[in-house]
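Engineer: Okay, so here is final27.txt, and as you'll see once you scroll down, it has compact mmCIF, C-alpha atoms.
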```
# COMPACT_ATOMS: atom_id res chain seq x y z
CA MET A 28 63.74 -58.78 108.26
CA SER A 29 62.23 -56.03 110.30
CA LYS A 30 61.37 -56.15 113.94
CA HIS A 31 57.83 -55.59 115.15
CA LYS A 32 57.34 -52.11 116.59
CA LYS A 33 55.01 -51.26 119.41
CA LYS A 34 51.88 -49.33 118.67
CA HIS A 35 51.47 -46.26 120.79
CA HIS A 36 47.98 -45.35 121.96
CA SER A 37 46.97 -41.89 123.14
CA SER A 38 45.47 -41.78 126.62
CA GLN A 39 41.81 -40.89 127.05
CA SER A 40 41.01 -37.24 127.90
CA VAL A 41 39.64 -36.48 131.34
CA PRO A 42 36.78 -33.98 131.76
CA ALA A 43 37.95 -30.64 133.25
CA LEU A 44 37.02 -29.93 136.86
CA GLN A 45 35.25 -26.72 137.73
CA ASN A 46 37.59 -25.35 140.36
CA ARG A 47 41.23 -25.37 141.42
CA HIS A 48 40.55 -27.38 144.55
CA GLY A 49 38.82 -30.08 142.51
CA ARG A 50 41.76 -30.28 140.10
CA ARG A 51 44.19 -30.64 143.01
CA SER A 52 42.08 -33.40 144.61
CA TYR A 53 41.82 -35.24 141.35
CA ALA A 54 45.62 -35.09 140.80
CA VAL A 55 46.33 -36.45 144.28
CA GLY A 56 43.81 -39.26 143.82
CA ALA A 57 45.24 -40.16 140.42
CA LEU A 58 48.76 -40.28 141.86
CA VAL A 59 47.65 -42.61 144.66
CA ALA A 60 45.88 -44.85 142.14
CA VAL A 61 49.00 -45.11 139.97
CA ILE A 62 51.14 -46.02 142.99
CA LEU A 63 48.68 -48.68 144.12
CA LEU A 64 48.44 -50.19 140.65
CA THR A 65 52.23 -50.27 140.32
CA VAL A 66 52.57 -52.10 143.65
CA TYR A 67 49.81 -54.50 142.65
CA PHE A 68 51.46 -55.49 139.37
CA ILE A 69 54.88 -55.93 140.99
CA LEU A 70 53.45 -58.21 143.68
CA SER A 71 51.28 -60.17 141.27
CA ARG A 72 54.13 -61.01 138.86
CA PRO A 73 54.52 -64.82 138.79
CA SER A 74 57.51 -65.97 140.82
CA GLY A 75 60.38 -67.21 138.68
CA ALA A 76 59.01 -65.59 135.52
CA PRO A 77 61.75 -64.25 133.24
CA GLU A 78 62.21 -60.54 132.85
CA ALA A 79 60.03 -58.95 130.20
CA ASP A 80 61.49 -58.26 126.77
CA THR A 81 61.86 -54.48 126.93
CA ARG A 82 61.86 -54.19 123.15
CA ASN A 83 58.12 -54.89 123.13
CA SER A 84 57.03 -54.55 126.70
CA THR A 85 53.53 -53.09 126.54
CA PRO A 86 50.88 -55.59 127.73
CA ARG A 87 48.47 -56.44 124.94
CA PRO A 88 44.81 -55.69 125.68
CA GLN A 89 42.54 -58.49 124.57
CA SER A 90 40.16 -57.11 121.97
CA ALA A 91 36.65 -58.34 121.34
CA SER A 92 37.89 -60.23 118.27
CA LEU A 93 40.14 -62.36 120.48
CA MET A 94 37.67 -63.05 123.26
CA ARG A 95 37.62 -66.72 124.17
CA GLU A 96 35.64 -68.74 121.66
CA ASP A 97 34.31 -72.27 121.72
CA THR A 98 37.61 -73.93 120.91
CA SER A 99 35.99 -77.37 120.88
CA ALA A 100 34.68 -76.56 117.41
CA PRO A 101 37.03 -77.57 114.56
CA ALA A 102 35.64 -74.71 112.45
CA VAL A 103 37.21 -72.20 114.87
CA TRP A 104 40.66 -73.70 114.30
CA ILE A 105 40.20 -73.87 110.57
CA ARG A 106 39.34 -70.18 110.54
CA ARG A 107 42.36 -69.31 112.67
CA ALA A 108 44.72 -71.42 110.57
CA GLU A 109 43.39 -69.77 107.42
CA ALA A 110 43.86 -66.30 108.92
CA ILE A 111 47.48 -67.07 109.81
CA ASP A 112 47.94 -68.66 106.40
CA ALA A 113 46.79 -65.56 104.54
CA HIS A 114 49.67 -63.58 106.01
CA PHE A 115 52.10 -66.45 105.46
CA HIS A 116 51.22 -66.39 101.76
CA ASP A 117 51.84 -62.64 101.67
CA VAL A 118 55.38 -62.97 103.06
CA TYR A 119 56.21 -66.36 101.49
CA THR A 120 59.67 -67.04 100.06
CA PRO A 121 60.55 -70.21 98.12
CA CYS A 122 63.12 -71.60 100.54
CA TRP A 123 63.32 -73.47 103.83
CA GLU A 124 61.19 -70.92 105.72
CA GLY A 125 58.50 -71.32 103.09
CA ALA A 126 58.75 -75.09 103.49
CA TYR A 127 57.71 -74.77 107.15
CA GLY A 128 54.39 -73.27 106.15
CA ALA A 129 54.05 -75.61 103.17
CA ILE A 130 54.06 -78.54 105.60
CA GLY A 131 51.31 -76.91 107.67
CA ASP A 132 49.35 -76.10 104.53
CA ALA A 133 49.51 -79.74 103.45
CA TYR A 134 47.84 -80.76 106.70
CA LEU A 135 45.34 -77.92 106.40
CA PHE A 136 44.54 -79.07 102.86
CA ALA A 137 43.97 -82.60 104.15
CA ALA A 138 41.49 -81.19 106.68
CA THR A 139 39.65 -78.75 104.39
CA HIS A 140 40.34 -79.83 100.76
CA ASP A 141 40.78 -76.14 99.98
CA SER A 142 41.98 -76.10 96.36
CA SER A 143 43.60 -72.67 96.82
CA LEU A 144 46.23 -74.31 99.03
CA TYR A 145 46.95 -76.84 96.30
CA ARG A 146 47.27 -74.09 93.72
CA PHE A 147 49.57 -72.02 95.92
CA HIS A 148 52.14 -74.75 96.59
CA LEU A 149 51.95 -76.98 93.54
CA LEU A 150 51.09 -74.55 90.76
CA ASP A 151 51.71 -70.88 91.57
CA HIS A 152 54.74 -71.60 93.80
CA ASP A 153 56.03 -74.98 92.67
CA LEU A 154 57.65 -76.82 95.58
CA LYS A 155 60.10 -78.39 93.16
CA GLN A 156 61.53 -74.94 92.41
CA MET A 157 62.45 -74.20 96.03
CA CYS A 158 66.01 -73.23 96.92
CA VAL A 159 68.69 -75.81 97.65
CA GLY A 160 69.44 -74.52 101.13
CA ARG A 161 72.76 -74.16 102.87
CA TRP A 162 72.43 -76.47 105.86
CA VAL A 163 71.30 -80.06 105.63
CA ASP A 164 68.09 -79.42 107.56
CA ASP A 165 67.13 -76.74 105.01
CA ARG A 166 66.98 -79.50 102.41
CA ALA A 167 65.13 -81.80 104.78
CA TRP A 168 62.25 -79.34 105.34
CA ILE A 169 61.77 -78.97 101.59
CA CYS A 170 61.91 -82.74 101.03
CA LEU A 171 59.37 -83.26 103.82
CA ALA A 172 57.04 -80.64 102.35
CA GLU A 173 57.20 -82.45 99.01
CA CYS A 174 56.61 -85.89 100.55
CA ILE A 175 53.70 -84.76 102.71
CA TRP A 176 52.04 -82.96 99.79
CA TRP A 177 52.52 -86.15 97.74
CA ASP A 178 50.77 -88.05 100.51
CA VAL A 179 47.78 -85.73 101.08
CA THR A 180 47.06 -85.37 97.36
CA GLY A 181 46.58 -89.10 96.82
CA ARG A 182 50.19 -90.23 96.31
CA THR A 183 49.96 -89.71 92.55
CA ASP A 184 52.38 -86.85 91.84
CA ALA A 185 55.58 -88.79 91.22
CA GLN A 186 57.51 -85.62 90.39
CA LEU A 187 57.32 -84.51 94.02
CA VAL A 188 58.92 -87.77 95.12
CA GLN A 189 61.52 -87.58 92.37
CA ASP A 190 62.55 -84.08 93.37
CA ALA A 191 62.74 -85.02 97.06
CA ALA A 192 64.89 -88.04 96.15
CA HIS A 193 67.18 -85.85 94.03
CA ARG A 194 67.69 -83.40 96.91
CA TYR A 195 68.31 -86.26 99.35
CA LEU A 196 70.79 -88.10 97.12
CA GLU A 197 72.64 -84.89 96.28
CA ALA A 198 73.22 -84.22 99.99
CA ARG A 199 74.31 -87.83 100.47
CA MET A 200 76.77 -87.63 97.56
CA GLU A 201 78.29 -84.63 99.31
CA LYS A 202 78.95 -87.02 102.24
CA ARG A 203 76.81 -85.08 104.67
CA PHE A 204 75.66 -88.46 106.01
CA SER A 205 78.70 -89.93 107.75
CA ASN A 206 80.29 -91.03 111.01
CA VAL A 207 82.88 -88.24 110.91
CA GLU A 208 82.28 -87.30 114.56
CA GLY A 209 82.33 -90.90 115.77
CA PHE A 210 78.62 -91.60 115.34
CA TRP A 211 76.34 -91.95 112.33
CA SER A 212 74.34 -88.82 111.67
CA TRP A 213 73.49 -86.22 109.07
CA TYR A 214 75.89 -83.28 109.38
CA ASN A 215 75.59 -79.72 108.15
CA TRP A 216 78.93 -80.06 106.37
CA PRO A 217 80.80 -82.96 104.76
CA PRO A 218 84.07 -84.28 106.27
CA GLY A 219 87.00 -81.99 105.57
CA SER A 220 84.82 -78.96 104.94
CA GLU A 221 86.38 -75.58 105.61
CA ALA A 222 83.17 -74.37 107.23
CA GLN A 223 83.71 -73.39 110.85
CA GLU A 224 80.08 -73.27 111.93
CA GLN A 225 79.21 -76.03 114.37
CA ILE A 226 75.46 -75.57 114.39
CA PHE A 227 74.72 -79.13 115.43
CA THR A 228 71.28 -78.08 116.64
CA ASN A 229 69.95 -78.15 113.10
CA SER A 230 71.66 -81.25 111.74
CA ASN A 231 71.13 -83.24 114.93
CA MET A 232 67.39 -83.31 114.38
CA ASN A 233 68.29 -85.81 111.65
CA GLN A 234 65.17 -85.05 109.66
CA MET A 235 66.88 -86.48 106.58
CA VAL A 236 66.23 -89.85 108.26
CA THR A 237 62.53 -89.02 108.24
CA VAL A 238 62.89 -88.12 104.56
CA ALA A 239 64.61 -91.44 103.86
CA CYS A 240 61.66 -93.32 105.38
CA TRP A 241 59.20 -91.34 103.25
CA LEU A 242 61.24 -92.10 100.14
CA TYR A 243 61.33 -95.78 100.99
CA LEU A 244 57.54 -95.84 101.36
CA ALA A 245 57.10 -93.89 98.11
CA THR A 246 59.60 -95.78 95.94
CA GLY A 247 60.11 -99.16 97.60
CA GLU A 248 63.87 -98.68 97.21
CA HIS A 249 65.63 -100.36 100.13
CA ARG A 250 68.67 -98.08 99.95
CA PHE A 251 66.62 -95.36 101.62
CA LEU A 252 65.52 -97.66 104.46
CA GLN A 253 69.08 -98.93 104.86
CA ASP A 254 70.28 -95.34 105.33
CA ALA A 255 67.58 -94.69 107.92
CA LEU A 256 68.42 -97.84 109.88
CA LEU A 257 72.15 -97.09 109.74
CA ALA A 258 71.53 -93.59 111.11
CA TRP A 259 69.46 -94.95 113.98
CA ASN A 260 71.28 -98.19 114.82
CA GLY A 261 74.84 -97.56 113.65
CA ASP A 262 77.12 -100.36 112.50
CA GLY A 263 79.90 -102.51 113.92
CA THR A 264 82.28 -99.57 114.31
CA SER A 265 80.17 -96.50 115.11
CA PRO A 266 76.92 -96.09 117.05
CA GLY A 267 73.85 -94.43 115.63
CA ILE A 268 71.30 -91.98 116.98
CA GLU A 269 69.80 -94.22 119.65
CA LYS A 270 73.01 -95.28 121.39
CA THR A 271 74.55 -91.83 121.10
CA TRP A 272 71.78 -89.78 122.67
CA TYR A 273 68.82 -91.84 123.89
CA LYS A 274 68.88 -92.66 127.61
CA GLY A 275 65.51 -94.38 127.90
CA ASN A 276 62.06 -93.27 129.13
CA GLY A 277 61.86 -90.49 126.54
CA LEU A 278 65.09 -88.80 127.69
CA TRP A 279 67.55 -87.52 125.07
CA VAL A 280 70.87 -86.09 126.27
CA GLY A 281 73.56 -84.47 124.14
CA LYS A 282 76.84 -82.89 125.08
CA PRO A 283 76.63 -79.28 126.30
CA GLY A 284 78.21 -76.36 124.57
CA LEU A 285 78.60 -77.92 121.12
CA ALA A 286 75.67 -76.30 119.41
CA ALA A 287 73.63 -73.19 118.92
CA PHE A 288 72.02 -72.20 122.22
CA GLY A 289 74.05 -74.85 124.08
CA GLN A 290 71.92 -77.74 122.86
CA GLN A 291 73.57 -80.52 120.89
CA VAL A 292 70.14 -82.14 120.66
CA PRO A 293 67.42 -79.50 120.28
CA TRP A 294 63.90 -79.42 121.73
CA GLU A 295 64.79 -82.09 124.30
CA GLY A 296 64.87 -84.60 121.42
CA ALA A 297 61.41 -83.74 120.09
CA GLY A 298 62.71 -84.11 116.53
CA TYR A 299 63.23 -87.80 117.21
CA CYS A 300 59.49 -88.21 117.68
CA SER A 301 59.31 -87.73 113.91
CA VAL A 302 62.31 -89.92 113.14
CA ALA A 303 61.16 -92.80 115.33
CA ALA A 304 57.59 -92.51 114.05
CA ALA A 305 58.84 -92.62 110.45
CA LEU A 306 60.90 -95.73 111.19
CA TYR A 307 57.85 -97.34 112.76
CA ARG A 308 55.78 -96.67 109.63
CA ALA A 309 58.54 -98.13 107.48
CA THR A 310 59.33 -101.22 109.57
CA HIS A 311 56.30 -101.79 111.86
CA ASP A 312 58.80 -102.40 114.67
CA ALA A 313 57.06 -101.36 117.90
CA ARG A 314 60.39 -100.35 119.45
CA TYR A 315 60.44 -97.18 117.37
CA ARG A 316 56.83 -96.32 118.16
CA ASN A 317 57.44 -96.77 121.89
CA ILE A 318 60.40 -94.38 121.81
CA ALA A 319 58.37 -91.80 119.91
CA LEU A 320 55.54 -91.99 122.43
CA ALA A 321 57.83 -91.92 125.46
CA THR A 322 59.63 -88.87 124.09
CA ALA A 323 56.39 -86.96 123.51
CA ARG A 324 55.12 -87.84 127.00
CA ARG A 325 58.29 -86.70 128.71
CA ILE A 326 58.59 -83.43 126.81
CA MET A 327 54.97 -82.45 127.43
CA ASP A 328 55.11 -83.28 131.15
CA PRO A 329 55.61 -79.91 132.93
CA LYS A 330 57.53 -81.67 135.70
CA ASN A 331 60.45 -81.91 133.29
CA ASN A 332 60.63 -78.09 132.95
CA TRP A 333 60.46 -77.80 129.18
CA VAL A 334 56.85 -76.59 128.84
CA ASP A 335 54.83 -74.13 130.88
CA PRO A 336 52.73 -75.99 133.49
CA LYS A 337 49.48 -74.26 132.52
CA TYR A 338 49.74 -73.19 128.87
CA PHE A 339 52.26 -75.80 127.64
CA TYR A 340 54.29 -73.49 125.37
CA GLN A 341 58.01 -74.32 125.27
CA LEU A 342 59.84 -72.13 127.73
CA ARG A 343 63.23 -71.59 126.14
CA MET A 344 63.56 -72.06 122.38
CA ASP A 345 62.03 -71.01 119.07
CA GLY A 346 60.84 -73.28 116.24
CA ASN A 347 57.38 -73.75 117.68
CA GLY A 348 55.81 -75.04 114.48
CA ALA A 349 58.38 -77.79 114.17
CA PHE A 350 57.91 -78.59 117.87
CA VAL A 351 54.14 -79.11 117.43
CA ASN A 352 54.64 -81.08 114.20
CA PHE A 353 57.16 -83.43 115.84
CA LEU A 354 54.76 -84.19 118.68
CA PHE A 355 51.93 -84.98 116.28
CA ASP A 356 54.13 -87.38 114.34
CA ALA A 357 54.40 -89.39 117.55
CA TYR A 358 50.67 -88.99 118.20
CA ALA A 359 49.84 -90.40 114.76
CA THR A 360 51.48 -93.73 115.60
CA ALA A 361 49.03 -94.41 118.45
CA PRO A 362 46.55 -91.60 119.26
CA ASP A 363 45.00 -93.48 122.17
CA SER A 364 48.40 -93.65 123.85
CA LEU A 365 48.67 -89.84 124.05
CA PRO A 366 45.13 -88.84 125.08
CA ASP A 367 46.19 -85.54 126.65
CA LEU A 368 48.29 -84.26 123.74
CA LEU A 369 45.46 -82.63 121.76
CA PRO A 370 44.12 -80.70 124.78
CA LYS A 371 47.61 -79.52 125.72
CA ILE A 372 48.46 -78.26 122.25
CA ARG A 373 45.02 -76.66 121.93
CA THR A 374 45.76 -74.75 125.14
CA MET A 375 49.18 -73.76 123.80
CA LEU A 376 47.75 -72.39 120.56
CA GLU A 377 44.89 -70.64 122.35
CA HIS A 378 47.51 -68.92 124.51
CA VAL A 379 49.21 -67.65 121.34
CA TRP A 380 46.01 -66.58 119.57
CA THR A 381 44.71 -64.60 122.57
CA ASN A 382 48.09 -63.08 123.50
CA HIS A 383 48.13 -65.11 126.70
CA ASP A 384 44.55 -64.06 127.49
CA GLY A 385 45.56 -60.46 126.82
CA GLU A 386 48.35 -60.50 129.41
CA SER A 387 51.42 -61.16 127.25
CA VAL A 388 54.13 -58.51 127.54
CA VAL A 389 55.32 -59.31 124.00
CA THR A 390 53.11 -59.56 120.94
CA LEU A 391 52.34 -63.20 120.25
CA HIS A 392 49.49 -62.51 117.80
CA ARG A 393 49.39 -59.21 115.94
CA GLU A 394 45.73 -58.59 115.23
CA SER A 395 46.18 -56.18 112.32
CA ASP A 396 47.42 -58.89 109.96
CA ASN A 397 47.45 -62.08 112.11
CA GLY A 398 51.24 -62.05 112.25
CA ILE A 399 52.58 -64.49 114.86
CA ARG A 400 55.74 -64.08 116.93
CA ASN A 401 58.58 -66.56 116.45
CA GLY A 402 58.96 -67.19 120.19
CA TRP A 403 55.86 -68.01 122.23
CA ASN A 404 56.97 -67.22 125.77
CA PRO A 405 54.64 -64.38 126.86
CA TYR A 406 57.45 -62.77 128.87
CA GLY A 407 59.96 -62.90 126.00
CA GLY A 408 63.62 -63.60 126.59
CA GLU A 409 63.78 -67.11 125.12
CA ASP A 410 66.73 -68.13 122.93
CA GLY A 411 66.68 -69.09 119.30
CA TYR A 412 66.62 -67.63 115.82
CA ASN A 413 65.08 -64.13 115.69
CA VAL A 414 62.56 -64.98 118.41
CA ASP A 415 61.27 -61.41 118.56
CA GLU A 416 60.19 -61.26 114.93
CA VAL A 417 56.44 -61.10 114.30
CA GLY A 418 54.92 -62.13 110.98
CA THR A 419 58.17 -62.64 109.03
CA VAL A 420 58.33 -65.64 106.71
CA HIS A 421 60.25 -67.65 109.32
CA ALA A 422 57.89 -66.85 112.18
CA GLN A 423 54.72 -67.07 110.10
CA GLY A 424 55.80 -70.29 108.40
CA GLU A 425 56.31 -71.87 111.82
CA ALA A 426 52.89 -70.64 112.92
CA ALA A 427 51.21 -71.96 109.77
CA ARG A 428 52.88 -75.29 110.41
CA ALA A 429 51.69 -75.48 114.02
CA PHE A 430 48.11 -74.34 113.43
CA GLY A 431 47.71 -76.35 110.20
CA THR A 432 49.00 -79.57 111.73
CA PHE A 433 46.87 -79.14 114.83
CA THR A 434 43.76 -78.38 112.76
CA TYR A 435 44.20 -81.60 110.81
CA TYR A 436 44.51 -83.86 113.85
CA PHE A 437 41.87 -81.98 115.82
CA SER A 438 39.39 -82.29 112.94
CA ARG A 439 40.11 -86.01 112.69
CA SER A 440 39.54 -86.47 116.38
CA LYS A 441 36.07 -84.97 116.07
CA SER A 442 35.12 -86.68 112.81
CA PRO A 443 37.14 -89.90 112.53
CA ARG A 444 37.64 -91.20 109.04
```
Now, as a test, write the supplied structure out as structure tokens.
Structural biologist:
Amino acid sequence: MSKHKKKHHSSQSVPALQNRHGRRSYAVGALVAVILLTVYFILSRPSGAPEADTRNSTPRPQSASLMREDTSAPAVWIRRAEAIDAHFHDVYTPCWEGAYGAIGDAYLFAATHDSSLYRFHLLDHDLKQMCVGRWVDDRAWICLAECIWWDVTGRTDAQLVQDAAHRYLEARMEKRFSNVEGFWSWYNWPPGSEAQEQIFTNSNMNQMVTVACWLYLATGEHRFLQDALLAWNGDGTSPGIEKTWYKGNGLWVGKPGLAAFGQQVPWEGAGYCSVAAALYRATHDARYRNIALATARRIMDPKNNWVDPKYFYQLRMDGNGAFVNFLFDAYATAPDSLPDLLPKIRTMLEHVWTNHDGESVVTLHRESDNGIRNGWNPYGGEDGYNVDEVGTVHAQGEAARAFGTFTYYFSRSKSPR
């Protein structure tokens, strides 16, 4: 996948002066102006801000098309989500990256009832024909896309549920759900596998637990709920998710150095907003809802140094669409308990759409085709998977997921159903 390249703009011509003295005066004045501007920008750089990503370090001027709009209008967000979606459909691939955007499109469909979204994912690009995926979370994203599309289209397409169940059970038969590391979890590889990759970041989101809850709700088969409860609560010999990583008050702590980017539990545990919320829907046990809400509150509190204090984008890692989706799963359990979440995420997405009010030193939103960067830190330098890519299927699928999910919940907040 190709990297985004800077666009070079020619400087404006300056009218010629009439005499040599005038040209000399102009040159001296221009030199002084450049020096003063350089000093100004050095002094005005925010303290503690990371160094700019030199691979794309030209500040982005804010064009008239990105001037601040009335973002209190749901129609503005629908239009933006659709613009991002158009490019996502252009670069779409039928695998886990495509599933990211398919999840966002399901939410966008629920908000707009746009039949073209239905046709794209259920007819022209059949979700059931998506790839198997190498890691266990690859399968989870596809299963979740199928389950959410089943939900938003009236819960009538049994084939979507059947395919999600087949993918889930196939991974389980491979023994990817086990206590091989001393705790119950979904693992990228089965016990005894020759694979040497310890990318716990992906498996430790345990989104297959979320899938299991969806399958229980869709089929009524208790084996799926039993799996989900075993993953969360453990058994008499091995702990589950909660005892292994949850420390109370929304704090999730994993061991350092065991995973990609040094995070055994990614996104400060944001993925467990979705898992706990799914368990709450399946069991109606308020304990799960309370953990989901506490996790969302802690992560979105700038005092805990995971999000920017003004624009609320995550400071260090990629996967922004999943991050937003996880938070909204918690929000859905009790919207009144997270009254500031919608405004914070709206600010985050506005920051992306406007290229940080035109001041981002990396391209967050490429205006030519509405391609979105995979990492949303306006200074660049965050860790993650190809964070510098703009408009690739991975980056654009994540953006479609974030903007589509937000549009759905924002539209509901304005016009409750």
Engineer: Rank nothing, just name the residue among A:Gly418, A:Gly408, A:Gly263, A:Gly431 nearest to Phe136 in chain A, using all atoms listed in the file.
Structural biologist: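 Checking each of A:Gly418, A:Gly408, A:Gly263, A:Gly431 against Phe136 in chain A, counting all atoms listed in the file, the winner is A:Gly431.
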Engineer: Restricting the calculation to all atoms listed in the file: of A:Thr432, A:Trp123, A:Cys174, A:Trp333, which residue gets closest to Thr246 in chain A?
Structural biologist: A:Cys174
Engineer: Closest to Val417 in chain A among A:Arg316, A:Arg146, A:Arg439, A:Arg393, using only C-alpha atoms?
Structural biologist: A:Arg393
Engineer: Considering all atoms listed in the file, state which residue in the set A:Asn317, A:Met232, A:Thr310, A:Leu154 is at the smallest distance from Gln291 in chain A.
Structural biologist: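 Smallest distance to Gln291 in chain A is found for A:Met232.
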Engineer: Might you pull out every residue within 8 Å of range 255-257 of chain A, with only C-alpha atoms counted and same-chain residues fewer than 5 positions away left off, and present them as a ChimeraX atom specification?
Structural biologist: /A:211,236-237,239-240,262,267,306
Engineer: So how far away is CA of Asn233 in chain A from CA of Val292 in chain A, in Å?
Structural biologist: 9.9 Å
Engineer: Report as a ChimeraX atom specification all protein, DNA and RNA residues lying within 6 Å of Ala427 in chain A, evaluated on all atoms listed in the file, omitting residues in the same chain fewer than 2 positions from it.
Structural biologist: /A:112,128,131,424-425,429-431
Engineer: Would you mind reading off the distance between CA of Val389 in chain A and CA of Val334 in chain A, one decimal, in Å?
Structural biologist: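 CA of Val389 in chain A sits 18.0 Å away from CA of Val334 in chain A.
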Engineer: Just the number, please: distance in Å from CA of Val280 in chain A to CA of Trp168 in chain A, one decimal.
Structural biologist: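 Those two atoms sit 23.6 Å apart.
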Engineer: Counting all atoms listed in the file, figure out which residue out of A:Asn215, A:Ala138, A:Lys371, A:Tyr307 gets nearest to Asp335 in chain A.
Structural biologist: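 Once distances to Asp335 in chain A are computed over all atoms listed in the file, the minimum belongs to A:Lys371.
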Engineer: Centre and edge lengths of an axis-aligned box around all listed atoms of range 291-296 of chain A, with 6 Å added on each side, are to be given in Å to one decimal, as JSON.
Structural biologist:
```
{"center_x": 68.7, "center_y": -82.0, "center_z": 122.3, "size_x": 21.7, "size_y": 17.2, "size_z": 16.0}
```
Engineer: Find the nearest atom pair between each residue of range 240-276 of chain A and range 189-201 of chain A for residues within 10 Å, count all atoms listed in the file, give distances in Å to one decimal, sort rows by chain and ascending number, and present the table as a tab-separated table.
Structural biologist:
```
residue	atom	partner	partner_atom	distance
A:Trp241	CA	A:Ala191	CA	9.5
A:Leu242	CA	A:Ala192	CA	6.8
A:Tyr243	CA	A:Ala192	CA	9.8
A:Ala245	CA	A:Gln189	CA	9.6
A:Thr246	CA	A:Gln189	CA	9.1
A:Phe251	CA	A:Ala192	CA	9.3
A:Asp254	CA	A:Arg199	CA	9.8
```
